[in-house]
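Below you'll find the structure, written out as structure tokens, and then a few comments.
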Amino acid sequence: MTCQTCDSNAPALGERQPILSVRDLTVRFAGVEQPVLDRVSFDVGKGEVVALVGESGSGKSVTALSVMRLLPPGATLSATAVHFGGRDLQNLSAGEFAHLRGGRLSMLFQQPQAMLDPTSRVGAQVGEPLYYHNGIHGRENRRHVVGMLGEVGIPDPSARADCYSFELSGGMAQRVMMAAALSASPELLIADEPTTALDVTVQAQILRLLNAERHRRRLAVLLITHDLSIVSAVADRIVVMYAGRVVEEGPAARVLKQPTHPYTQALIRCSLFQTDAQGKLFSLPHGAVHARDLTAGCRFHPRCPVAQAHGCLDRCVVEEPHLCDTVCGCKARCWAASSEPYRVSEGVPA
Ligand SMILES: Nc1ncnc2c1ncn2[C@@H]1O[C@H](COP(=O)(O)OP(=O)(O)OP(=O)(O)O)[C@@H](O)[C@H]1O
Ligand SMILES: [Mg+2]
């Protein structure tokens with residue numbers, strides 16, 4: 001279906017069967033009154049790349065860690081559902097979950113050097129999920145490991161398998177992490193800023209790899225990133241988070257071409273380094289707001305140019321908007337978007 005408003009023919013929500021369905025995920029940390037995630041809901045379809053974006057502190061990593069059951073002690077989680085492959089992960093015992101994690105459900109972390117064990121050889125670390133989840137050991141395991149290292153672009157993979165992680169460059173270590181994350185053929189990969197620490201050429205190689213794996217294995221990816229150019233390059237859909245809440249979601253091409261929520265618009269303006277009439281770089285007022293510092297109404301209203309410019313401030317201050325359908329077939333949590341025809345050019349004054 002082609003969108004009448006933005007001309008995009010990206011698939012609409014719900015056209016793919018979900019491999020992951022998260023509903024009303026709420027997370028609290030001990031000693032903090034407000035939840036850091038508040039009723040977060042989203043789906044990742046089979047073979048789909050969904051980008052989770054938002055400023056620092058918006059709750060992206062906590063979302064990923066919640067799904068992977070890796071929240072630190074003191075955190076409490078509640079959700080209506082966290083379904084993976086049709087099963088509610090909340091109902092699995094620790095043992096059952098351990099069989100899933102690193103196998104059908106895998107995660108790639110931001111800092112590979114910190115995640116790799118410096119006392120164990122690279123080959124052993126890539127081969128461990130293969131042994132644990134698929135029962136492949138010995139020479140067969142080694143053959144798979146060398147093959148995986150080759151697939152992720154490690155030169156001389158047989159020799160590299162015998163290295164320790166501290167002997168690798170950052171880009172090389174990220175590829176090793178990717179080989180380890182993919183070695184047991186997961187159905188869903190959660191990648192938390194997998195390329196942030198890498199230079200642009202290695203970044204492009206890693207993204208190309210992710211894309212290739214996604215097509216080859218029908219791998220679904222929840223991709224956490226700050227970088228909207230990455231979203232535009234690889235994501236099918238985008239979920240935008242602000243202060244622990246989902247504020248906009250939809251097909252990536254549509255949301256990036258015609259963002260509805262003023263926060264998404266601002267993120268795009270910042271990422272494009274847009275300037276105002278005086279030539280000053282656009283930036284959002286105040287620092288990122290954390291869920292724990294919230295007041296009533298729309299979470300974004302103290303920083304929102306639309307709330308200021310359109311006189312809808314009263315409503316924005318007292319009542320939080322629902323996630324409403326937009327003209328573009330997306331969803332946005334904004335009174336301005338839900339109540340009247342609304343255009344980007346009106347929303348963010350230059
Ligand atoms: N262990 C913890 N104890 C208390 N608060 C925490 C803890 N871990 C995270 N938080 C809070 O939860 C909120 C969301 O953090 P999260 O790490 O998910 O942000 P993020 O969107 O991943 O940010 P970044 O882009 O910087 O990685 C933040 O306000 C953070 O301070
Ligand atoms: Mg994070």
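As shown in the structure tokens, the chain order sets the letters A, B, ...; within each chain, residues go from 1, and ligands are also counted from 1 in the order they appear.
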
Residues within 8 Å of ligand 2, counting only C-alpha atoms and all ligand atoms, as a ChimeraX atom specification
/A:56-57,59-62,192-193,224

Give as JSON, numbers by chain the residues surrounding ligand 1 up to a distance of 10 Å, considering only C-alpha atoms and all ligand atoms.
{"A": [27, 28, 29, 30, 31, 32, 35, 36, 37, 52, 53, 54, 55, 56, 57, 58, 59, 60, 61, 62, 63, 64, 65, 66, 71, 72, 73, 74, 75, 110, 192, 193, 224, 225, 226, 241, 242, 243, 244, 288, 289, 290, 291, 292, 293]}

Expected file contents, prior selection, N, CA and C atoms, as a short mmCIF file (atom, residue, chain, number, x, y, z; two decimals), in the first residue's frame:
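Done, and the output landed in out.cif:
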data_model
loop_
_atom_site.label_atom_id
_atom_site.label_comp_id
_atom_site.auth_asym_id
_atom_site.auth_seq_id
_atom_site.Cartn_x
_atom_site.Cartn_y
_atom_site.Cartn_z
N VAL A 27 9.07 -0.74 34.01
CA VAL A 27 10.23 -1.11 34.83
C VAL A 27 10.49 -0.01 35.85
N ARG A 28 10.71 -0.44 37.09
CA ARG A 28 11.05 0.50 38.17
C ARG A 28 12.39 0.10 38.76
N PHE A 29 13.13 1.10 39.21
CA PHE A 29 14.36 0.85 39.96
C PHE A 29 14.13 1.22 41.42
N ALA A 30 14.76 0.46 42.30
CA ALA A 30 14.59 0.70 43.73
C ALA A 30 14.97 2.14 44.07
N GLY A 31 14.14 2.79 44.86
CA GLY A 31 14.45 4.15 45.32
C GLY A 31 14.03 5.23 44.33
N VAL A 32 13.48 4.85 43.16
CA VAL A 32 13.03 5.84 42.19
C VAL A 32 11.51 5.71 42.06
N PRO A 35 8.37 5.08 37.23
CA PRO A 35 8.98 4.00 36.44
C PRO A 35 9.88 4.56 35.34
N VAL A 36 10.99 3.89 35.05
CA VAL A 36 11.86 4.37 33.95
C VAL A 36 11.33 3.90 32.60
N LEU A 37 10.54 2.84 32.59
CA LEU A 37 9.76 2.46 31.40
C LEU A 37 8.31 2.45 31.82
N LEU A 52 14.83 1.12 17.52
CA LEU A 52 14.36 1.76 18.75
C LEU A 52 15.25 2.99 18.94
N VAL A 53 14.65 4.19 18.84
CA VAL A 53 15.47 5.41 18.89
C VAL A 53 14.97 6.32 20.01
N GLY A 54 15.80 7.28 20.36
CA GLY A 54 15.45 8.25 21.41
C GLY A 54 16.73 8.76 22.04
N GLU A 55 16.58 9.89 22.74
CA GLU A 55 17.76 10.48 23.38
C GLU A 55 18.33 9.56 24.46
N SER A 56 19.51 9.94 24.92
CA SER A 56 20.14 9.21 26.01
C SER A 56 19.22 9.24 27.24
N GLY A 57 19.02 8.08 27.85
CA GLY A 57 18.18 8.01 29.05
C GLY A 57 16.71 7.77 28.76
N SER A 58 16.35 7.63 27.46
CA SER A 58 14.93 7.46 27.14
C SER A 58 14.42 6.05 27.46
N GLY A 59 15.32 5.10 27.68
CA GLY A 59 14.90 3.77 28.11
C GLY A 59 15.14 2.66 27.11
N LYS A 60 15.98 2.91 26.11
CA LYS A 60 16.21 1.92 25.05
C LYS A 60 16.90 0.67 25.61
N SER A 61 17.99 0.90 26.33
CA SER A 61 18.74 -0.27 26.84
C SER A 61 17.95 -1.02 27.90
N VAL A 62 17.23 -0.28 28.74
CA VAL A 62 16.41 -0.95 29.77
C VAL A 62 15.36 -1.83 29.09
N THR A 63 14.82 -1.36 27.95
CA THR A 63 13.86 -2.18 27.20
C THR A 63 14.52 -3.48 26.75
N ALA A 64 15.72 -3.35 26.16
CA ALA A 64 16.44 -4.54 25.67
C ALA A 64 16.78 -5.49 26.83
N LEU A 65 17.29 -4.92 27.91
CA LEU A 65 17.69 -5.76 29.05
C LEU A 65 16.48 -6.45 29.68
N SER A 66 15.33 -5.78 29.63
CA SER A 66 14.11 -6.38 30.17
C SER A 66 13.74 -7.63 29.38
N LEU A 71 18.12 -7.33 33.63
CA LEU A 71 18.02 -6.12 34.46
C LEU A 71 18.83 -6.33 35.75
N PRO A 72 19.43 -5.25 36.26
CA PRO A 72 20.23 -5.40 37.49
C PRO A 72 19.34 -5.68 38.70
N PRO A 73 19.93 -6.22 39.78
CA PRO A 73 19.15 -6.44 40.99
C PRO A 73 18.55 -5.12 41.47
N GLY A 74 17.35 -5.17 42.00
CA GLY A 74 16.70 -3.94 42.46
C GLY A 74 15.71 -3.41 41.45
N ALA A 75 15.75 -3.94 40.21
CA ALA A 75 14.78 -3.51 39.19
C ALA A 75 13.58 -4.44 39.24
N GLN A 110 26.92 -2.89 23.06
CA GLN A 110 27.59 -1.71 22.50
C GLN A 110 29.11 -1.80 22.59
N ASP A 192 22.22 -3.52 20.66
CA ASP A 192 22.20 -2.23 21.38
C ASP A 192 23.37 -1.38 20.93
N GLU A 193 23.09 -0.44 20.06
CA GLU A 193 24.10 0.46 19.50
C GLU A 193 25.34 -0.32 19.06
N ILE A 224 18.90 -0.87 18.38
CA ILE A 224 18.89 0.33 19.21
C ILE A 224 19.97 1.27 18.70
N THR A 225 19.58 2.48 18.39
CA THR A 225 20.58 3.41 17.85
C THR A 225 20.16 4.86 18.09
N HIS A 226 21.17 5.75 18.09
CA HIS A 226 20.90 7.19 18.10
C HIS A 226 20.87 7.73 16.68
N MET A 241 11.23 6.57 21.38
CA MET A 241 10.96 6.63 22.82
C MET A 241 11.35 7.98 23.39
N TYR A 242 10.52 8.45 24.30
CA TYR A 242 10.87 9.67 25.03
C TYR A 242 10.54 9.45 26.50
N ALA A 243 11.54 9.60 27.36
CA ALA A 243 11.36 9.50 28.81
C ALA A 243 10.55 8.27 29.22
N GLY A 244 10.94 7.11 28.68
CA GLY A 244 10.32 5.86 29.11
C GLY A 244 9.00 5.54 28.45
N ALA A 288 17.95 16.14 27.97
CA ALA A 288 16.97 15.05 27.89
C ALA A 288 16.28 14.88 29.24
N VAL A 289 14.96 14.68 29.20
CA VAL A 289 14.21 14.50 30.45
C VAL A 289 14.14 13.01 30.77
N HIS A 290 14.43 12.64 32.00
CA HIS A 290 14.34 11.24 32.40
C HIS A 290 12.97 10.97 33.01
N ALA A 291 12.53 9.74 32.89
CA ALA A 291 11.20 9.38 33.39
C ALA A 291 11.05 9.76 34.86
N ARG A 292 12.16 9.67 35.60
CA ARG A 292 12.05 9.91 37.05
C ARG A 292 11.77 11.39 37.38
N ASP A 293 12.01 12.31 36.42
CA ASP A 293 11.83 13.75 36.69
C ASP A 293 10.51 14.29 36.14
#

Write out as a PyMOL selection string all residues of range 66-203 of chain A that DSSP puts in helix (DSSP H, G or I) for this structure's backbone.
chain A and resi 66-67+89-91+94-100+112-115+122-134+138-151+157-160+165-167+170-182+200-203

Excluding Gly45 in chain A and its own-chain neighbours fewer than 2 positions away, which residues fall within 8 Å of it when counting only C-alpha atoms? Please give them as a VMD selection string.
chain A and resid 16 to 20 43 47 to 49 220

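Around Ala204 in chain A, within 12 Å and counting only C-alpha atoms, the residues found are Gly171, Pro194, Thr195, Thr196, Leu198, Asp199, Val200, Arg208, Leu209, Leu210, Asn211, Ser229, Ile230, Ala233 and Val234 of chain A, once anything fewer than 4 positions away on its own chain is removed.
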
Please save C-alpha atoms of the selected residues as a PDB file, in the first residue's frame.
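The resulting file, out_28.pdb, is reproduced below:
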ATOM      1  CA  GLY A 171      35.872  -3.349  14.731  1.00  0.00           C
ATOM      2  CA  PRO A 194      26.277  -2.135  17.782  1.00  0.00           C
ATOM      3  CA  THR A 195      28.244   0.395  15.761  1.00  0.00           C
ATOM      4  CA  THR A 196      28.479   3.494  17.979  1.00  0.00           C
ATOM      5  CA  LEU A 198      33.270   2.140  15.436  1.00  0.00           C
ATOM      6  CA  ASP A 199      34.631   4.303  12.641  1.00  0.00           C
ATOM      7  CA  VAL A 200      32.325   4.905   9.677  1.00  0.00           C
ATOM      8  CA  ARG A 208      25.929  -4.596   5.692  1.00  0.00           C
ATOM      9  CA  LEU A 209      26.560  -7.828   7.577  1.00  0.00           C
ATOM     10  CA  LEU A 210      23.469  -7.373   9.710  1.00  0.00           C
ATOM     11  CA  ASN A 211      21.395  -6.714   6.614  1.00  0.00           C
ATOM     12  CA  SER A 229      20.978   7.590   9.025  1.00  0.00           C
ATOM     13  CA  ILE A 230      21.418   3.997  10.211  1.00  0.00           C
ATOM     14  CA  ALA A 233      19.610   2.529   5.774  1.00  0.00           C
ATOM     15  CA  VAL A 234      18.427  -0.683   7.425  1.00  0.00           C
TER      16      VAL A 234
END

Please identify the strand (DSSP E) residues within range 68-266 of chain A (assignment by DSSP from backbone atoms) and present them as a PyMOL selection string.
chain A and resi 75-78+81-84+87-88+105-108+188-192+220-224+237-242+245-251

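Distance annotation: of A:Met172, A:Ala337, A:Leu70, A:Ala94, the residue with the minimal separation from Gly153 in chain A is A:Met172; atom set is only C-alpha atoms.
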
For range 259-273 of chain A, please output as a PDB file with N, CA and C atoms, in the first residue's frame all residues within 9 Å (counting only C-alpha atoms; exclusion window: fewer than 6 positions along the same chain).
ATOM      1  N   GLY A  54      15.802   7.283  20.362  1.00  0.00           N
ATOM      2  CA  GLY A  54      15.445   8.247  21.405  1.00  0.00           C
ATOM      3  C   GLY A  54      16.729   8.765  22.037  1.00  0.00           C
ATOM      4  N   GLU A  55      16.584   9.887  22.744  1.00  0.00           N
ATOM      5  CA  GLU A  55      17.764  10.477  23.378  1.00  0.00           C
ATOM      6  C   GLU A  55      18.332   9.561  24.455  1.00  0.00           C
ATOM      7  N   ASP A 227      21.403   6.925  15.754  1.00  0.00           N
ATOM      8  CA  ASP A 227      21.781   7.443  14.454  1.00  0.00           C
ATOM      9  C   ASP A 227      20.666   7.219  13.432  1.00  0.00           C
ATOM     10  N   LEU A 228      19.989   8.304  13.025  1.00  0.00           N
ATOM     11  CA  LEU A 228      18.852   8.154  12.127  1.00  0.00           C
ATOM     12  C   LEU A 228      19.276   7.780  10.708  1.00  0.00           C
ATOM     13  N   SER A 229      20.548   8.025  10.357  1.00  0.00           N
ATOM     14  CA  SER A 229      20.978   7.590   9.025  1.00  0.00           C
ATOM     15  C   SER A 229      21.069   6.061   8.990  1.00  0.00           C
ATOM     16  N   VAL A 240       9.896   5.306  18.422  1.00  0.00           N
ATOM     17  CA  VAL A 240      10.590   6.449  19.031  1.00  0.00           C
ATOM     18  C   VAL A 240      10.208   6.522  20.502  1.00  0.00           C
ATOM     19  N   TYR A 242      10.522   8.452  24.297  1.00  0.00           N
ATOM     20  CA  TYR A 242      10.865   9.670  25.035  1.00  0.00           C
ATOM     21  C   TYR A 242      10.544   9.446  26.501  1.00  0.00           C
ATOM     22  N   VAL A 247       6.535   7.327  21.861  1.00  0.00           N
ATOM     23  CA  VAL A 247       5.795   8.526  21.437  1.00  0.00           C
ATOM     24  C   VAL A 247       5.444   8.513  19.949  1.00  0.00           C
ATOM     25  N   GLU A 248       6.136   7.686  19.166  1.00  0.00           N
ATOM     26  CA  GLU A 248       5.756   7.576  17.748  1.00  0.00           C
ATOM     27  C   GLU A 248       6.250   6.235  17.227  1.00  0.00           C
ATOM     28  N   LEU A 281      22.682  26.303  14.904  1.00  0.00           N
ATOM     29  CA  LEU A 281      22.294  24.891  14.810  1.00  0.00           C
ATOM     30  C   LEU A 281      21.072  24.625  15.671  1.00  0.00           C
ATOM     31  N   PHE A 282      20.107  23.867  15.125  1.00  0.00           N
ATOM     32  CA  PHE A 282      18.914  23.551  15.891  1.00  0.00           C
ATOM     33  C   PHE A 282      19.259  22.598  17.028  1.00  0.00           C
ATOM     34  N   SER A 283      18.712  22.875  18.197  1.00  0.00           N
ATOM     35  CA  SER A 283      18.827  21.900  19.296  1.00  0.00           C
ATOM     36  C   SER A 283      17.571  22.020  20.151  1.00  0.00           C
ATOM     37  N   LEU A 284      17.273  20.958  20.889  1.00  0.00           N
ATOM     38  CA  LEU A 284      16.099  20.986  21.768  1.00  0.00           C
ATOM     39  C   LEU A 284      16.439  21.734  23.044  1.00  0.00           C
ATOM     40  N   PHE A 300       6.656  15.524  26.930  1.00  0.00           N
ATOM     41  CA  PHE A 300       7.539  16.359  26.115  1.00  0.00           C
ATOM     42  C   PHE A 300       7.178  17.843  26.202  1.00  0.00           C
ATOM     43  N   ARG A 303       9.488  20.993  26.551  1.00  0.00           N
ATOM     44  CA  ARG A 303      10.492  21.245  25.512  1.00  0.00           C
ATOM     45  C   ARG A 303       9.860  21.364  24.127  1.00  0.00           C
ATOM     46  N   CYS A 304       8.535  21.331  24.056  1.00  0.00           N
ATOM     47  CA  CYS A 304       7.865  21.139  22.766  1.00  0.00           C
ATOM     48  C   CYS A 304       7.586  22.463  22.045  1.00  0.00           C
ATOM     49  N   PRO A 305       8.168  22.660  20.849  1.00  0.00           N
ATOM     50  CA  PRO A 305       7.917  23.900  20.111  1.00  0.00           C
ATOM     51  C   PRO A 305       6.464  24.015  19.655  1.00  0.00           C
ATOM     52  N   VAL A 306       5.800  22.899  19.396  1.00  0.00           N
ATOM     53  CA  VAL A 306       4.406  22.951  18.931  1.00  0.00           C
ATOM     54  C   VAL A 306       3.490  23.385  20.066  1.00  0.00           C
ATOM     55  N   ALA A 307       3.707  22.835  21.244  1.00  0.00           N
ATOM     56  CA  ALA A 307       2.887  23.218  22.394  1.00  0.00           C
ATOM     57  C   ALA A 307       3.000  24.725  22.635  1.00  0.00           C
ATOM     58  N   THR A 326      -2.073   8.330  12.862  1.00  0.00           N
ATOM     59  CA  THR A 326      -1.816   9.591  12.158  1.00  0.00           C
ATOM     60  C   THR A 326      -2.291   9.451  10.713  1.00  0.00           C
ATOM     61  N   CYS A 328      -0.649   9.397   8.249  1.00  0.00           N
ATOM     62  CA  CYS A 328       0.346   8.662   7.477  1.00  0.00           C
ATOM     63  C   CYS A 328       0.334   7.161   7.775  1.00  0.00           C
ATOM     64  N   CYS A 330       0.793   5.886  10.702  1.00  0.00           N
ATOM     65  CA  CYS A 330       1.695   5.629  11.816  1.00  0.00           C
ATOM     66  C   CYS A 330       0.919   5.896  13.102  1.00  0.00           C
ATOM     67  N   LYS A 331       1.625   5.928  14.223  1.00  0.00           N
ATOM     68  CA  LYS A 331       0.982   6.269  15.492  1.00  0.00           C
ATOM     69  C   LYS A 331       1.849   7.305  16.197  1.00  0.00           C
ATOM     70  N   ALA A 332       1.174   8.293  16.837  1.00  0.00           N
ATOM     71  CA  ALA A 332       1.938   9.311  17.563  1.00  0.00           C
ATOM     72  C   ALA A 332       1.182   9.716  18.817  1.00  0.00           C
ATOM     73  N   ARG A 333       1.943  10.029  19.863  1.00  0.00           N
ATOM     74  CA  ARG A 333       1.362  10.422  21.142  1.00  0.00           C
ATOM     75  C   ARG A 333       1.452  11.943  21.261  1.00  0.00           C
ATOM     76  N   CYS A 334       0.531  12.650  20.558  1.00  0.00           N
ATOM     77  CA  CYS A 334       0.598  14.116  20.539  1.00  0.00           C
ATOM     78  C   CYS A 334      -0.800  14.681  20.318  1.00  0.00           C
ATOM     79  N   ALA A 336      -1.582  17.609  19.241  1.00  0.00           N
ATOM     80  CA  ALA A 336      -1.645  18.360  17.980  1.00  0.00           C
ATOM     81  C   ALA A 336      -1.871  17.412  16.808  1.00  0.00           C
ATOM     82  N   ALA A 337      -1.262  16.242  16.869  1.00  0.00           N
ATOM     83  CA  ALA A 337      -1.400  15.279  15.771  1.00  0.00           C
ATOM     84  C   ALA A 337      -2.770  14.632  15.780  1.00  0.00           C
ATOM     85  N   TYR A 342      -2.392  18.402  10.472  1.00  0.00           N
ATOM     86  CA  TYR A 342      -1.194  18.963  11.058  1.00  0.00           C
ATOM     87  C   TYR A 342      -0.021  18.688  10.126  1.00  0.00           C
ATOM     88  N   ARG A 343       0.804  19.652   9.929  1.00  0.00           N
ATOM     89  CA  ARG A 343       1.929  19.475   9.008  1.00  0.00           C
ATOM     90  C   ARG A 343       3.245  19.792   9.709  1.00  0.00           C
ATOM     91  N   VAL A 344       4.301  19.104   9.261  1.00  0.00           N
ATOM     92  CA  VAL A 344       5.616  19.292   9.874  1.00  0.00           C
ATOM     93  C   VAL A 344       6.043  20.756   9.827  1.00  0.00           C
ATOM     94  N   GLY A 347       4.735  22.610  12.493  1.00  0.00           N
ATOM     95  CA  GLY A 347       5.063  22.110  13.829  1.00  0.00           C
ATOM     96  C   GLY A 347       6.333  22.685  14.405  1.00  0.00           C
ATOM     97  N   VAL A 348       7.369  22.768  13.603  1.00  0.00           N
ATOM     98  CA  VAL A 348       8.646  23.229  14.148  1.00  0.00           C
ATOM     99  C   VAL A 348       9.000  24.554  13.498  1.00  0.00           C
TER     100      VAL A 348
END

Show which residues sit within 9 Å of Ile136 in chain A, as number ranges by chain. Count only C-alpha atoms, and ignore same-chain residues fewer than 6 positions away.
A: 127, 130, 144

Same residues, N, CA, C and O atoms, output as a CSV table (one decimal), in the first residue's frame:
chain,number,residue,atom,x,y,z
A,127,GLY,N,32.2,-20.4,19.8
A,127,GLY,CA,31.7,-21.7,19.8
A,127,GLY,C,30.8,-22.1,20.9
A,127,GLY,O,30.1,-23.1,20.9
A,130,LEU,N,27.1,-22.5,20.3
A,130,LEU,CA,26.9,-23.6,19.4
A,130,LEU,C,26.9,-24.9,20.2
A,130,LEU,O,26.1,-25.8,19.9
A,144,HIS,N,32.6,-24.8,12.4
A,144,HIS,CA,31.5,-23.8,12.4
A,144,HIS,C,32.1,-22.5,12.8
A,144,HIS,O,31.7,-21.4,12.2
